[in-house]
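Each remark here refers to the structure printed beneath this line.
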Amino acid sequence: MKKWLSLLFVVAGMLVLSSGMAHAAKAETPTPKLILDGMELEPQVPPFLLNSTVMVPVRIATENLGYKVDYDNSKKQVTVSNGKKKLVMTVDKPTAYLDGTPMQMTKPPLIKSNFTLIPLRFLGESLGVQVFWDNQIKSVFMYSPSTPDPGSESGGKPTDPSDGGLIGVVDPSEGSGGSGEETSPGTVVPPAVTGNLNEIYYDPGTESVVLKYDGLIVPRDFKLDNPKRIVIDVPNGRYAPEFVPAVDFSLTNEGYIPVEGHEALRSIRYSMFGTDTKAPRFVLDLNQAWDYELSNDPGAGTLTIALKRPPEDKSLYTVVLDAGHGGTDPGAISISKKAEKDFNLAVVLKVKAILEGEERIKLILTREDDTYPTLTDRYTLANSVQADIFVSVHANSHTSPNTNGTETYYTREDSKAFAQLMHSLFAPATGLKDNGFRKHSVNLAVTTKTTMPAILLEAGYLSSSIDEPKLWTEELQNRVAQAIATGIKMQLNLQ
Ligand SMILES: [Zn+2]
């Protein structure tokens with residue numbers, strides 16, 4: 001009960017903050033609270049804010065999410081595993097490996113009072129935990145993945161993972177209910193109602209279903225097939241008496257809102273669901289598979305389920321490939337007095353040769369010879385042909401001869417996943433030091449003003465005696481070109 005008192009305190013704190021006392025809380029930096037599936041966690045080392053990154057002890061993965069954590073003191077290596085997933089991180093190193101695939105962390109793991117702390121968001125992304133940061137109440141809301149995932153084929157009832165028939169219709173053969181969540185070991189059933197649900201409606205402007213509420217709710221969401229639907233459970237919410245659209249659950253099992261004018265969403269149903277503990281459940285009925293994005297804003301009391309069109313299976317993709325610099329602009333001059341523009345063009349022409357036979361890729365180069373299109377020319381070209389992706393190839397330079405290695409840059413969030421994917425192929429292909437992929441500190445024109453996922457590759461440093469001789473070899477250039485071609489195809493789901 002103690003934890004629930006803390007949780008209520010959070011709610012009370014939220015109400016206080018929203019009534020105009022936010023400045024009082026701003027004076028000090030409060031310790032962020034961690035709330036997992038509605039329960040406040042009390043880790044041995046409190047989480048803290050490192051610049052704007054919430055760092056949390058990696059142990060919460062073991063104690064609260066069922067993972068095993070091993071620490072190898074000699075290698076300063078932390079391994080988080082559960083038999084299915086294995087995440088390996090090294091103290092002070094920003095690259096982690098999830099099942100062998102490199103992933104970049106915004107901040108490397110660090111040791112504090114003998115505990116390893118890692119960025120919370122990274123923990124969430126790598127272990128499939130949904131993480132929401134509520135800046136107003138300095139709290140982190142985490143929702144553990146549904147176990148077992150009722151939408152997946154491994155759920156035990158692949159043919160009809162029922163949504164439970166909604167309220168009142170409890171099939172005893174379903175045991176703990178279709179989602180299986182309520183009684184899974186280790187899953188907390190919130191014992192208290194902390195949120196009042198006021199209204200649900202479909203907003204055609206944003207193609208979203210919006211649930212308005214007061215207080216605090218911890219939704220659980222998942223997808224079901226046959227027929228396709230999105231299910232949102234609100235275990236610690238209750239329908240307010242004035243809920244809109246009104247439904248009298250003593251007379252009917254569920255409320256029903258028909259939806260017209262959306263390609264996929266047919267209706268919204270809402271009910272009470274569960275065996276021992278009944279709780280509000282919302283079901284979005286779809287006539288075709290669509291993705292969705294759930295966002296919870298406790299400050300505004302709004303839970304939004306934004307419907308997302310699944311990626312199109314296009315027959316022809318346009319790729320713009322940009323050899324940096326050219327003509328009057330040599331780019332960096334290498335320690336052996338060679339010009340970066342020549343390296344860039346050589347690599348780009350090799351990528352072109354590799355992708356020549358790809359029927360589903362229309363490849364457009366910003367330059368094919370030693371000319372200088374302006375930066376405006378380059379992004380204008382990409383935008384005007386409505387390119388699907390944009391890749392700019394460069395080599396780097398630094399005043400310090402000791403700086404070396406490979407980097408991949410992006411600017412806009414929509415390019416991050418592409419940067420990560422490309423970097424995972426590109427960096428090993430160079431064989432040079434892996435400096436990771438990241439958001440560029442400068443708003444580079446080609447990655448900022450383009451309107452499609454756009455990345456800029458820096459193969460290595462022409463100012464480094466380690467990198468420079470290798471950058472001019474056919475071997476390195478061929479490997480890099482192959483990696484870029486593969487990265488492009490993978491990004492377009494062509495490989
Ligand atoms: Zn350059």
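Ordering of the structure tokens sets the chain letters (A, B, ...), residue numbers begin anew at 1 in every chain, and ligands are numbered from 1 in the order given.
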Practice task
Run DSSP on the backbone and give me the residues of stretch 425-455 of chain A it puts in alpha helix (DSSP H), as a count of residues only.
Solution key: 10
Problem - Within 6 Å of stretch 325-338 of chain A using only C-alpha atoms, minus same-chain residues under 5 positions, as a ChimeraX atom specification - result: /A:370-372,462-463
Could you write out the selected residues, including C-alpha atoms, as a PDB file, in the first residue's frame?
```pdb
ATOM      1  CA  ASP A 370      33.817  17.215 -61.052  1.00  0.00           C
ATOM      2  CA  THR A 371      31.196  19.958 -60.935  1.00  0.00           C
ATOM      3  CA  TYR A 372      29.739  21.936 -58.047  1.00  0.00           C
ATOM      4  CA  LEU A 462      41.535  12.727 -44.389  1.00  0.00           C
ATOM      5  CA  SER A 463      43.582  14.494 -41.699  1.00  0.00           C
TER       6      SER A 463
END
```
Exercise for the section: May I ask you to write as a list in words all residues lying at most 6 Å from ligand 1, with only C-alpha atoms and all ligand atoms counted? Expected result: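 Every residue with an atom at most 6 Å from ligand 1 is listed here: Gly324, Gly331, His394 and Ala395 of chain A.
Using only C-alpha atoms, the protein and nucleic acid residues lying no more than 10 Å from A:Ser384, apart from those fewer than 5 places from it along its own chain, are Tyr379, Thr450 and Thr451 of chain A.
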Practice task
Write down as a ChimeraX atom specification the residues belonging to stretch 22-122 of chain A that are assigned strand (DSSP E) by DSSP computed on the backbone.
Solution key: /A:33-36,39-40,48-50,53-57,68-72,77-81,86-90,95-98,101-104,110-112,115-119
Keeping only C-alpha atoms, take the residues you just selected and write them out as a PDB file, in the first residue's frame.
```pdb
ATOM      1  CA  LYS A  33      10.011   9.340 -10.207  1.00  0.00           C
ATOM      2  CA  LEU A  34       9.826   6.022 -11.996  1.00  0.00           C
ATOM      3  CA  ILE A  35       6.378   4.561 -12.410  1.00  0.00           C
ATOM      4  CA  LEU A  36       6.162   1.144 -13.995  1.00  0.00           C
ATOM      5  CA  MET A  39       3.622   1.287  -9.459  1.00  0.00           C
ATOM      6  CA  GLU A  40       6.291   3.666  -8.293  1.00  0.00           C
ATOM      7  CA  PHE A  48      18.916  11.541 -12.121  1.00  0.00           C
ATOM      8  CA  LEU A  49      18.959  13.952 -14.993  1.00  0.00           C
ATOM      9  CA  LEU A  50      22.241  14.185 -16.873  1.00  0.00           C
ATOM     10  CA  THR A  53      18.825  12.517 -20.257  1.00  0.00           C
ATOM     11  CA  VAL A  54      17.179  10.517 -17.477  1.00  0.00           C
ATOM     12  CA  MET A  55      19.715   7.987 -16.222  1.00  0.00           C
ATOM     13  CA  VAL A  56      18.370   4.968 -14.346  1.00  0.00           C
ATOM     14  CA  PRO A  57      20.029   2.020 -12.620  1.00  0.00           C
ATOM     15  CA  LYS A  68      19.106 -11.075 -15.634  1.00  0.00           C
ATOM     16  CA  VAL A  69      21.913  -8.559 -15.274  1.00  0.00           C
ATOM     17  CA  ASP A  70      25.556  -9.608 -15.231  1.00  0.00           C
ATOM     18  CA  TYR A  71      28.482  -7.308 -14.706  1.00  0.00           C
ATOM     19  CA  ASP A  72      31.946  -8.217 -15.898  1.00  0.00           C
ATOM     20  CA  GLN A  77      30.638  -4.777 -19.379  1.00  0.00           C
ATOM     21  CA  VAL A  78      26.974  -5.086 -18.403  1.00  0.00           C
ATOM     22  CA  THR A  79      24.894  -7.843 -19.963  1.00  0.00           C
ATOM     23  CA  VAL A  80      21.109  -7.753 -19.687  1.00  0.00           C
ATOM     24  CA  SER A  81      19.397 -10.895 -20.914  1.00  0.00           C
ATOM     25  CA  LYS A  86      20.667  -9.953 -24.974  1.00  0.00           C
ATOM     26  CA  LEU A  87      21.839  -6.404 -24.494  1.00  0.00           C
ATOM     27  CA  VAL A  88      25.537  -5.779 -23.941  1.00  0.00           C
ATOM     28  CA  MET A  89      26.803  -2.378 -22.817  1.00  0.00           C
ATOM     29  CA  THR A  90      30.197  -1.120 -21.726  1.00  0.00           C
ATOM     30  CA  THR A  95      27.717   1.798 -28.475  1.00  0.00           C
ATOM     31  CA  ALA A  96      25.611  -1.045 -27.101  1.00  0.00           C
ATOM     32  CA  TYR A  97      24.863  -4.350 -28.781  1.00  0.00           C
ATOM     33  CA  LEU A  98      21.368  -5.782 -28.881  1.00  0.00           C
ATOM     34  CA  THR A 101      23.460  -5.367 -33.517  1.00  0.00           C
ATOM     35  CA  PRO A 102      25.179  -2.120 -32.577  1.00  0.00           C
ATOM     36  CA  MET A 103      22.934   0.588 -31.138  1.00  0.00           C
ATOM     37  CA  GLN A 104      23.887   4.084 -30.077  1.00  0.00           C
ATOM     38  CA  LEU A 110      28.176   5.243 -16.029  1.00  0.00           C
ATOM     39  CA  ILE A 111      28.916   3.935 -12.546  1.00  0.00           C
ATOM     40  CA  LYS A 112      27.492   5.685  -9.501  1.00  0.00           C
ATOM     41  CA  PHE A 115      25.519   0.798  -9.611  1.00  0.00           C
ATOM     42  CA  THR A 116      25.500   1.057 -13.380  1.00  0.00           C
ATOM     43  CA  LEU A 117      23.186   3.703 -14.763  1.00  0.00           C
ATOM     44  CA  ILE A 118      22.035   3.915 -18.366  1.00  0.00           C
ATOM     45  CA  PRO A 119      19.744   6.266 -20.291  1.00  0.00           C
TER      46      PRO A 119
END
```
Practice task
Fewer than 6 positions away in the same chain doesn't count, so skip those; otherwise give me all residues within 7 Å of A:Leu294, counting only C-alpha atoms, as a list in words.
Solution key: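 The neighbour list is Thr304, Ile305 and Ala306 of chain A.
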Could you take the residues named above and write them with C-alpha atoms, as a short mmCIF file (atom, residue, chain, number, x, y, z; two decimals), in the first residue's frame?
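Result went into again-v7.cif, see below:
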```
data_model
loop_
_atom_site.label_atom_id
_atom_site.label_comp_id
_atom_site.auth_asym_id
_atom_site.auth_seq_id
_atom_site.Cartn_x
_atom_site.Cartn_y
_atom_site.Cartn_z
CA THR A 304 -4.24 9.78 -28.15
CA ILE A 305 -4.24 6.76 -30.41
CA ALA A 306 -3.00 8.13 -33.72
#
```
Completion exercise
Judged by only C-alpha atoms, the minimum distance to A:Ile361 among A:Lys314, A:Lys433, A:Arg229, A:Lys308 is found for A:Lys314
Practice task
Excluding A:Phe418 and any residue of its chain fewer than 5 positions from it, enumerate the residues within 9 Å of it, using only C-alpha atoms, and give them as a list of chain:residue names.
Solution key: A:Ile389, A:Tyr410, A:His423, A:Pro453, A:Ala454, A:Ile455, A:Gly487, A:Ile488, A:Gln491
Using the selection just defined, write its residues with C-alpha atoms as a PDB file, in the first residue's frame.
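Final output, selection04.pdb:
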```
ATOM      1  CA  ILE A 389      15.754   8.778 -49.286  1.00  0.00           C
ATOM      2  CA  TYR A 410      21.204  13.044 -39.444  1.00  0.00           C
ATOM      3  CA  HIS A 423      25.699   3.253 -39.863  1.00  0.00           C
ATOM      4  CA  PRO A 453      14.907  10.692 -44.572  1.00  0.00           C
ATOM      5  CA  ALA A 454      18.337  12.174 -45.274  1.00  0.00           C
ATOM      6  CA  ILE A 455      21.740  11.239 -43.911  1.00  0.00           C
ATOM      7  CA  GLY A 487      21.750   0.146 -46.570  1.00  0.00           C
ATOM      8  CA  ILE A 488      19.644   1.837 -49.240  1.00  0.00           C
ATOM      9  CA  GLN A 491      15.843   1.001 -45.818  1.00  0.00           C
TER      10      GLN A 491
END
```
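Interatomic distance, atom CA of A:Pro43 against atom CA of A:Ile60: 6.8 Å.
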Handout entry: Nearest to A:Leu381 by atom-to-atom distance, counting only C-alpha atoms, from A:Val320, A:Ile230, A:Leu492, A:Asp92
Key =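 Closest to A:Leu381 of all the choices is A:Val320.
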With only C-alpha atoms as the counted atoms, please give the residues lying no more than 12 Å from A:Asn296, apart from itself and same-chain residues fewer than 3 positions off, as a PDB file with N, CA and C atoms, in the first residue's frame.
```pdb
ATOM      1  N   GLN A 130       7.553   0.805 -23.132  1.00  0.00           N
ATOM      2  CA  GLN A 130       7.133   2.141 -23.549  1.00  0.00           C
ATOM      3  C   GLN A 130       7.479   3.125 -22.448  1.00  0.00           C
ATOM      4  N   VAL A 131       8.068   4.237 -22.843  1.00  0.00           N
ATOM      5  CA  VAL A 131       8.519   5.224 -21.863  1.00  0.00           C
ATOM      6  C   VAL A 131       7.921   6.590 -22.194  1.00  0.00           C
ATOM      7  N   PHE A 132       7.284   7.188 -21.227  1.00  0.00           N
ATOM      8  CA  PHE A 132       6.795   8.558 -21.395  1.00  0.00           C
ATOM      9  C   PHE A 132       7.363   9.412 -20.277  1.00  0.00           C
ATOM     10  N   TRP A 133       7.874  10.547 -20.653  1.00  0.00           N
ATOM     11  CA  TRP A 133       8.443  11.470 -19.669  1.00  0.00           C
ATOM     12  C   TRP A 133       7.446  12.596 -19.471  1.00  0.00           C
ATOM     13  N   ASP A 134       6.994  12.768 -18.253  1.00  0.00           N
ATOM     14  CA  ASP A 134       6.100  13.881 -17.964  1.00  0.00           C
ATOM     15  C   ASP A 134       6.919  14.964 -17.286  1.00  0.00           C
ATOM     16  N   VAL A 140       8.637   9.559 -14.842  1.00  0.00           N
ATOM     17  CA  VAL A 140       8.756   8.689 -15.986  1.00  0.00           C
ATOM     18  C   VAL A 140       7.699   7.606 -15.857  1.00  0.00           C
ATOM     19  N   PHE A 141       6.868   7.494 -16.871  1.00  0.00           N
ATOM     20  CA  PHE A 141       5.873   6.428 -16.876  1.00  0.00           C
ATOM     21  C   PHE A 141       6.367   5.344 -17.809  1.00  0.00           C
ATOM     22  N   MET A 142       6.484   4.142 -17.290  1.00  0.00           N
ATOM     23  CA  MET A 142       6.935   3.027 -18.120  1.00  0.00           C
ATOM     24  C   MET A 142       5.837   1.976 -18.169  1.00  0.00           C
ATOM     25  N   TYR A 143       5.655   1.431 -19.336  1.00  0.00           N
ATOM     26  CA  TYR A 143       4.658   0.376 -19.485  1.00  0.00           C
ATOM     27  C   TYR A 143       5.378  -0.841 -20.030  1.00  0.00           C
ATOM     28  N   VAL A 210      -9.318   9.832 -29.471  1.00  0.00           N
ATOM     29  CA  VAL A 210      -8.874  10.611 -28.317  1.00  0.00           C
ATOM     30  C   VAL A 210      -9.691  10.215 -27.093  1.00  0.00           C
ATOM     31  N   LEU A 211      -8.979   9.891 -26.013  1.00  0.00           N
ATOM     32  CA  LEU A 211      -9.636   9.575 -24.748  1.00  0.00           C
ATOM     33  C   LEU A 211      -9.271  10.676 -23.755  1.00  0.00           C
ATOM     34  N   LYS A 212     -10.301  11.363 -23.255  1.00  0.00           N
ATOM     35  CA  LYS A 212     -10.054  12.440 -22.295  1.00  0.00           C
ATOM     36  C   LYS A 212     -10.252  11.897 -20.878  1.00  0.00           C
ATOM     37  N   TYR A 213      -9.377  12.305 -19.970  1.00  0.00           N
ATOM     38  CA  TYR A 213      -9.495  11.792 -18.602  1.00  0.00           C
ATOM     39  C   TYR A 213      -8.951  12.801 -17.597  1.00  0.00           C
ATOM     40  N   ASP A 214      -9.226  12.548 -16.321  1.00  0.00           N
ATOM     41  CA  ASP A 214      -8.605  13.305 -15.231  1.00  0.00           C
ATOM     42  C   ASP A 214      -7.790  12.334 -14.393  1.00  0.00           C
ATOM     43  N   GLY A 215      -6.767  12.845 -13.738  1.00  0.00           N
ATOM     44  CA  GLY A 215      -5.978  12.002 -12.844  1.00  0.00           C
ATOM     45  C   GLY A 215      -4.870  11.317 -13.603  1.00  0.00           C
ATOM     46  N   LEU A 216      -4.695  10.045 -13.316  1.00  0.00           N
ATOM     47  CA  LEU A 216      -3.563   9.320 -13.872  1.00  0.00           C
ATOM     48  C   LEU A 216      -4.058   7.986 -14.405  1.00  0.00           C
ATOM     49  N   ILE A 217      -3.714   7.687 -15.635  1.00  0.00           N
ATOM     50  CA  ILE A 217      -4.061   6.360 -16.151  1.00  0.00           C
ATOM     51  C   ILE A 217      -2.816   5.699 -16.719  1.00  0.00           C
ATOM     52  N   VAL A 218      -2.818   4.404 -16.674  1.00  0.00           N
ATOM     53  CA  VAL A 218      -1.695   3.630 -17.186  1.00  0.00           C
ATOM     54  C   VAL A 218      -2.253   2.643 -18.209  1.00  0.00           C
ATOM     55  N   PRO A 219      -2.389   3.082 -19.450  1.00  0.00           N
ATOM     56  CA  PRO A 219      -3.033   2.224 -20.443  1.00  0.00           C
ATOM     57  C   PRO A 219      -2.128   1.074 -20.868  1.00  0.00           C
ATOM     58  N   ARG A 220      -2.729  -0.014 -21.278  1.00  0.00           N
ATOM     59  CA  ARG A 220      -1.996  -1.136 -21.887  1.00  0.00           C
ATOM     60  C   ARG A 220      -2.583  -1.298 -23.267  1.00  0.00           C
ATOM     61  N   ASP A 221      -1.756  -1.346 -24.270  1.00  0.00           N
ATOM     62  CA  ASP A 221      -2.282  -1.419 -25.630  1.00  0.00           C
ATOM     63  C   ASP A 221      -1.692  -2.608 -26.362  1.00  0.00           C
ATOM     64  N   VAL A 234      -7.509   0.122 -19.690  1.00  0.00           N
ATOM     65  CA  VAL A 234      -7.153   1.161 -18.708  1.00  0.00           C
ATOM     66  C   VAL A 234      -7.425   0.598 -17.322  1.00  0.00           C
ATOM     67  N   GLU A 293       0.052   4.894 -32.982  1.00  0.00           N
ATOM     68  CA  GLU A 293       1.020   5.433 -32.046  1.00  0.00           C
ATOM     69  C   GLU A 293       0.238   5.955 -30.853  1.00  0.00           C
ATOM     70  N   GLY A 299      -0.669  15.749 -18.307  1.00  0.00           N
ATOM     71  CA  GLY A 299      -0.904  17.164 -18.043  1.00  0.00           C
ATOM     72  C   GLY A 299      -2.212  17.622 -18.665  1.00  0.00           C
ATOM     73  N   ALA A 300      -2.431  17.225 -19.925  1.00  0.00           N
ATOM     74  CA  ALA A 300      -3.646  17.632 -20.635  1.00  0.00           C
ATOM     75  C   ALA A 300      -4.789  16.645 -20.399  1.00  0.00           C
ATOM     76  N   GLY A 301      -4.495  15.515 -19.761  1.00  0.00           N
ATOM     77  CA  GLY A 301      -5.523  14.494 -19.562  1.00  0.00           C
ATOM     78  C   GLY A 301      -6.000  13.910 -20.880  1.00  0.00           C
ATOM     79  N   THR A 302      -5.064  13.645 -21.783  1.00  0.00           N
ATOM     80  CA  THR A 302      -5.421  13.157 -23.109  1.00  0.00           C
ATOM     81  C   THR A 302      -4.586  11.935 -23.471  1.00  0.00           C
ATOM     82  N   LEU A 303      -5.292  10.892 -23.828  1.00  0.00           N
ATOM     83  CA  LEU A 303      -4.618   9.720 -24.388  1.00  0.00           C
ATOM     84  C   LEU A 303      -4.980   9.692 -25.866  1.00  0.00           C
ATOM     85  N   THR A 304      -3.980   9.713 -26.720  1.00  0.00           N
ATOM     86  CA  THR A 304      -4.240   9.780 -28.153  1.00  0.00           C
ATOM     87  C   THR A 304      -3.757   8.507 -28.828  1.00  0.00           C
ATOM     88  N   ILE A 305      -4.632   7.925 -29.618  1.00  0.00           N
ATOM     89  CA  ILE A 305      -4.242   6.762 -30.409  1.00  0.00           C
ATOM     90  C   ILE A 305      -4.264   7.226 -31.857  1.00  0.00           C
ATOM     91  N   ALA A 306      -3.088   7.604 -32.356  1.00  0.00           N
ATOM     92  CA  ALA A 306      -3.001   8.134 -33.720  1.00  0.00           C
ATOM     93  C   ALA A 306      -2.880   6.962 -34.681  1.00  0.00           C
TER      94      ALA A 306
END
```
Problem - Shell around A:Asn344 at 12 Å using only C-alpha atoms, local window under 5 positions removed, as an MDAnalysis selection string - result: chainID A and resid 321:326 330:332 338:339 349:351 365:370 391:396 456:460 462 471:472 477 480:481
Problem - Pairwise distance for atom CA of A:Val283 and atom CA of A:Leu65, rounded to one decimal in Å - result: 26.6 Å
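Across the model, the gap from atom CA of A:Phe249 to atom CA of A:Pro235 is 16.9 Å.
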Practice task
Could you check which of A:Phe426, A:Val446, A:Leu345, A:Tyr317 is closest to A:Glu358, using only C-alpha atoms?
Solution key: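 The shortest atom-to-atom distance to A:Glu358 comes from A:Tyr317.
When only C-alpha atoms are used to compute distances to A:Val193, the closest of the residues A:Thr411, A:Asn236, A:Asn64, A:Asn226 turns out to be A:Asn236.
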